[in-house]
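Reading through the structure tokens given below for one structure.
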Amino acid sequence: MTSMIETVQLTKRFGAKNAVNQLDLNIDAGTFFCFLGPNGAGKTTTIKVLTGLLHATSGQARLGGYDIVEAPVAAKRLLGYVPDHPFLYDKLTGNEFMRFVAGLYQMSEADYLARCGELLEMFEIAHVADQLIEDYSHGMRQKLSFASCFLHDPKIVIVDEPWVGLDPKNIRFVKNFLKQKCRNEGLTVFMSTHTLAIAEEIADLIGIINNGALKALGSVNEIKALHHRPGTLEDVFLELTQETEEAALHAVAPVVEETVAS
């Protein structure tokens with residue numbers, strides 16, 4: 001199997017805090033990888049390093065064999081990215097935004113025309129493609145972000161909390177669309193999500209991160225087997241991240257006690 005996403009001792013510090021600490025990942029082509037962790041665990045920081053939005057403090061990140069720092073253009077040609085809060089240009093229409101993205105990837109006119117209409121139809125936003133994005137609902141914006149992500153036919157797609165703003169019908173469509181692309185076309189998906197039930201349903205490989213460190217890596221069944229008794233993915237997740245939960249409770253406890261006393 002060909003490794004499409006690789007990190008080697010990847011570390012990102014903000015001052016004295018290790019947001020990501022010596023992260024080692026190796027994700028093969030065609031794998032649907034789900035990255036799980038509590039808020040502040042290091043998921044989004046990892047994604048920003050992988051996409052070139054942040055530079056690592058140390059270590060390496062490679063996409064399709066290309067170092068994201070040393071060969072950023074080659075790496076990003078392989079990449080599609082859907083952030084949790086997509087940045088779209090409100091004064092463009094959906095069609096104009098799609099053409100703008102096509103220009104970024106230097107797509108030919110023929111390739112653009114062949115793919116744009118199909119994607120807009122697939123994500124059910126063709127009927128608003130000539131409207132300004134400022135008039136789109138959050139769900140429409142998310143669907144436009146997905147459509148533009150796949151415009152240049154990426155080999156790797158990184159998505160950060162993709163379900164925000166999508167209704168159950170569109171969540172099911174996106175799940176099935178991504179899974180089918182992995183199975184049939186060898187797409188590699190790196191998804192950060194808090195929705196454990198969806199991760200359990202679709203993931204080939206799961207990583208659990210806490211306080212910047214990778215706590216577990218394996219298939220759904222391998223992760224579930226880490227629990228001291230038969231349980232769900234949620235049971236294992238809570239067990240591995242208990243330290244964070246307890247710390248939060250300790251931080252809240254004095255405030256609660258003071259409120260009660262007053």
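Ligands are numbered from 1 in the order shown, chains are lettered A, B, ... in the order of the structure tokens, and residues start at 1 in each chain.
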
**Item:** Long-range neighbours of segment 218-229 of chain A as a list in words, 7 Å cut-off, only C-alpha atoms, 4 positions minimum in chain
**Value:**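 The residues satisfying every condition are Glu200, Asp204, Leu205, Ile206, Gly207, Leu233 and Val236 of chain A.
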
**Prompt:** Could you pull out the helix (DSSP H, G or I) residues of segment 87-212 of chain A from DSSP and send them as JSON, numbers by chain?
**Reply:** {"A": [94, 95, 96, 97, 98, 99, 100, 101, 102, 103, 104, 109, 110, 111, 112, 113, 114, 115, 116, 117, 118, 119, 120, 121, 122, 126, 127, 128, 133, 134, 135, 138, 139, 140, 141, 142, 143, 144, 145, 146, 147, 148, 149, 168, 169, 170, 171, 172, 173, 174, 175, 176, 177, 178, 179, 180, 181, 182, 183, 184, 185, 196, 197, 198, 199, 200, 201, 202]}

Just write the chosen residues, C-alpha atoms, as a PDB file, in the first residue's frame.
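Here's the written file result.pdb:
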```pdb
ATOM      1  CA  GLY A  94     -21.538  29.856  -6.257  1.00  0.00           C
ATOM      2  CA  ASN A  95     -20.494  29.526  -9.913  1.00  0.00           C
ATOM      3  CA  GLU A  96     -17.974  32.349  -9.590  1.00  0.00           C
ATOM      4  CA  PHE A  97     -16.466  30.749  -6.497  1.00  0.00           C
ATOM      5  CA  MET A  98     -16.134  27.398  -8.271  1.00  0.00           C
ATOM      6  CA  ARG A  99     -14.377  29.105 -11.192  1.00  0.00           C
ATOM      7  CA  PHE A 100     -12.085  30.918  -8.737  1.00  0.00           C
ATOM      8  CA  VAL A 101     -11.088  27.566  -7.163  1.00  0.00           C
ATOM      9  CA  ALA A 102     -10.520  26.067 -10.624  1.00  0.00           C
ATOM     10  CA  GLY A 103      -8.125  28.931 -11.355  1.00  0.00           C
ATOM     11  CA  LEU A 104      -6.163  28.249  -8.169  1.00  0.00           C
ATOM     12  CA  GLU A 109     -11.637  25.014 -19.167  1.00  0.00           C
ATOM     13  CA  ALA A 110     -12.704  21.570 -20.412  1.00  0.00           C
ATOM     14  CA  ASP A 111     -11.994  19.899 -17.065  1.00  0.00           C
ATOM     15  CA  TYR A 112     -13.730  22.699 -15.182  1.00  0.00           C
ATOM     16  CA  LEU A 113     -16.870  22.497 -17.295  1.00  0.00           C
ATOM     17  CA  ALA A 114     -16.917  18.708 -17.105  1.00  0.00           C
ATOM     18  CA  ARG A 115     -16.818  18.678 -13.298  1.00  0.00           C
ATOM     19  CA  CYS A 116     -18.421  21.886 -12.016  1.00  0.00           C
ATOM     20  CA  GLY A 117     -22.029  21.291 -13.045  1.00  0.00           C
ATOM     21  CA  GLU A 118     -21.906  17.652 -11.963  1.00  0.00           C
ATOM     22  CA  LEU A 119     -20.658  18.557  -8.481  1.00  0.00           C
ATOM     23  CA  LEU A 120     -23.160  21.372  -8.002  1.00  0.00           C
ATOM     24  CA  GLU A 121     -25.959  18.970  -8.934  1.00  0.00           C
ATOM     25  CA  MET A 122     -24.567  16.222  -6.745  1.00  0.00           C
ATOM     26  CA  ALA A 126     -27.089  23.973  -8.712  1.00  0.00           C
ATOM     27  CA  HIS A 127     -30.360  25.886  -8.266  1.00  0.00           C
ATOM     28  CA  VAL A 128     -28.574  28.596  -6.234  1.00  0.00           C
ATOM     29  CA  ILE A 133     -22.919  33.335  -1.374  1.00  0.00           C
ATOM     30  CA  GLU A 134     -23.938  35.916   1.236  1.00  0.00           C
ATOM     31  CA  ASP A 135     -27.509  34.691   0.718  1.00  0.00           C
ATOM     32  CA  HIS A 138     -24.859  27.585   6.544  1.00  0.00           C
ATOM     33  CA  GLY A 139     -25.774  24.209   5.073  1.00  0.00           C
ATOM     34  CA  MET A 140     -25.525  25.559   1.513  1.00  0.00           C
ATOM     35  CA  ARG A 141     -22.124  27.049   2.318  1.00  0.00           C
ATOM     36  CA  GLN A 142     -20.940  23.701   3.649  1.00  0.00           C
ATOM     37  CA  LYS A 143     -22.143  21.941   0.506  1.00  0.00           C
ATOM     38  CA  LEU A 144     -20.427  24.521  -1.722  1.00  0.00           C
ATOM     39  CA  SER A 145     -17.243  23.945   0.263  1.00  0.00           C
ATOM     40  CA  PHE A 146     -17.498  20.202  -0.431  1.00  0.00           C
ATOM     41  CA  ALA A 147     -18.242  20.750  -4.123  1.00  0.00           C
ATOM     42  CA  SER A 148     -15.238  23.058  -4.542  1.00  0.00           C
ATOM     43  CA  CYS A 149     -13.047  20.633  -2.573  1.00  0.00           C
ATOM     44  CA  PRO A 168     -29.616  14.219   8.348  1.00  0.00           C
ATOM     45  CA  LYS A 169     -30.206  13.663   4.610  1.00  0.00           C
ATOM     46  CA  ASN A 170     -27.039  15.519   3.638  1.00  0.00           C
ATOM     47  CA  ILE A 171     -25.017  13.910   6.426  1.00  0.00           C
ATOM     48  CA  ARG A 172     -25.940  10.523   5.001  1.00  0.00           C
ATOM     49  CA  PHE A 173     -25.087  11.664   1.467  1.00  0.00           C
ATOM     50  CA  VAL A 174     -21.654  13.016   2.471  1.00  0.00           C
ATOM     51  CA  LYS A 175     -20.872   9.864   4.486  1.00  0.00           C
ATOM     52  CA  ASN A 176     -21.764   7.595   1.576  1.00  0.00           C
ATOM     53  CA  PHE A 177     -20.040   9.829  -0.992  1.00  0.00           C
ATOM     54  CA  LEU A 178     -16.738   9.883   0.905  1.00  0.00           C
ATOM     55  CA  LYS A 179     -16.836   6.169   1.707  1.00  0.00           C
ATOM     56  CA  GLN A 180     -17.571   5.278  -1.908  1.00  0.00           C
ATOM     57  CA  LYS A 181     -14.679   7.463  -3.124  1.00  0.00           C
ATOM     58  CA  CYS A 182     -12.355   5.643  -0.722  1.00  0.00           C
ATOM     59  CA  ARG A 183     -13.471   2.175  -1.787  1.00  0.00           C
ATOM     60  CA  ASN A 184     -13.827   2.719  -5.517  1.00  0.00           C
ATOM     61  CA  GLU A 185     -11.266   5.404  -6.348  1.00  0.00           C
ATOM     62  CA  LEU A 196     -18.344   9.019  17.585  1.00  0.00           C
ATOM     63  CA  ALA A 197     -21.271   7.051  16.152  1.00  0.00           C
ATOM     64  CA  ILE A 198     -20.416   8.189  12.620  1.00  0.00           C
ATOM     65  CA  ALA A 199     -16.716   7.437  13.163  1.00  0.00           C
ATOM     66  CA  GLU A 200     -17.605   3.940  14.371  1.00  0.00           C
ATOM     67  CA  GLU A 201     -19.764   3.423  11.296  1.00  0.00           C
ATOM     68  CA  ILE A 202     -17.406   4.596   8.538  1.00  0.00           C
TER      69      ILE A 202
END
```

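Between Gln22 of chain A and the residues A:Gly59, A:Gly52, A:Gly42, A:Gly64, the shortest atom-to-atom distance, using only C-alpha atoms, involves A:Gly59.
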
**Request:** Could you jot down the atom CA of Ala41 of chain A to atom CA of Thr188 of chain A separation for me, Å, one decimal place?
**Result:** 22.7 Å

**Request:** Enumerate, as a PyMOL selection string, the complete set of residues in segment 139-248 of chain A that a backbone-based DSSP assignment places in strand (DSSP E or B).
**Result:** chain A and resi 156-160+188-192+205-210+213-218

For the residues in the current selection, export N, CA and C atoms as a CSV table (one decimal), in the first residue's frame.
```
chain,number,residue,atom,x,y,z
A,156,ILE,N,-6.3,13.2,-1.7
A,156,ILE,CA,-6.4,13.3,-0.3
A,156,ILE,C,-7.4,14.3,0.1
A,157,VAL,N,-8.3,14.0,1.0
A,157,VAL,CA,-9.3,15.0,1.5
A,157,VAL,C,-9.2,15.1,3.0
A,158,ILE,N,-9.0,16.3,3.5
A,158,ILE,CA,-9.0,16.5,4.9
A,158,ILE,C,-10.2,17.4,5.3
A,159,VAL,N,-11.0,16.8,6.2
A,159,VAL,CA,-12.2,17.5,6.6
A,159,VAL,C,-12.2,17.7,8.2
A,160,ASP,N,-12.6,18.8,8.6
A,160,ASP,CA,-12.6,19.2,10.1
A,160,ASP,C,-14.1,19.4,10.5
A,188,THR,N,-8.1,9.0,-0.1
A,188,THR,CA,-7.7,9.0,1.3
A,188,THR,C,-8.4,10.1,2.1
A,189,VAL,N,-9.1,9.8,3.1
A,189,VAL,CA,-9.9,10.8,3.9
A,189,VAL,C,-9.3,10.9,5.3
A,190,PHE,N,-9.0,12.1,5.7
A,190,PHE,CA,-8.6,12.4,7.1
A,190,PHE,C,-9.7,13.3,7.7
A,191,MET,N,-10.5,12.7,8.6
A,191,MET,CA,-11.6,13.4,9.1
A,191,MET,C,-11.5,13.6,10.7
A,192,SER,N,-11.6,14.8,11.1
A,192,SER,CA,-11.7,15.1,12.5
A,192,SER,C,-13.2,15.3,12.9
A,205,LEU,N,-9.7,3.3,10.0
A,205,LEU,CA,-8.7,3.5,10.9
A,205,LEU,C,-9.1,4.7,11.8
A,206,ILE,N,-8.8,4.5,13.1
A,206,ILE,CA,-9.2,5.6,14.1
A,206,ILE,C,-7.9,6.0,14.9
A,207,GLY,N,-7.7,7.2,15.1
A,207,GLY,CA,-6.7,7.7,16.0
A,207,GLY,C,-7.4,8.6,17.1
A,208,ILE,N,-7.0,8.4,18.3
A,208,ILE,CA,-7.5,9.2,19.5
A,208,ILE,C,-6.3,10.0,20.0
A,209,ILE,N,-6.5,11.3,20.1
A,209,ILE,CA,-5.5,12.2,20.6
A,209,ILE,C,-6.0,12.9,21.8
A,210,ASN,N,-5.1,13.1,22.8
A,210,ASN,CA,-5.4,13.8,24.0
A,210,ASN,C,-4.2,14.6,24.5
A,213,ALA,N,-1.0,14.2,22.4
A,213,ALA,CA,-0.3,13.0,22.2
A,213,ALA,C,-1.3,11.9,21.7
A,214,LEU,N,-0.9,11.1,20.8
A,214,LEU,CA,-1.7,10.0,20.3
A,214,LEU,C,-1.8,8.9,21.3
A,215,LYS,N,-3.1,8.6,21.7
A,215,LYS,CA,-3.3,7.6,22.8
A,215,LYS,C,-3.7,6.3,22.2
A,216,ALA,N,-4.2,6.2,21.0
A,216,ALA,CA,-4.6,4.9,20.4
A,216,ALA,C,-4.7,5.1,18.9
A,217,LEU,N,-4.4,4.0,18.2
A,217,LEU,CA,-4.4,4.0,16.8
A,217,LEU,C,-4.8,2.6,16.3
A,218,GLY,N,-5.8,2.4,15.5
A,218,GLY,CA,-6.2,1.1,15.0
A,218,GLY,C,-7.6,1.1,14.4
```
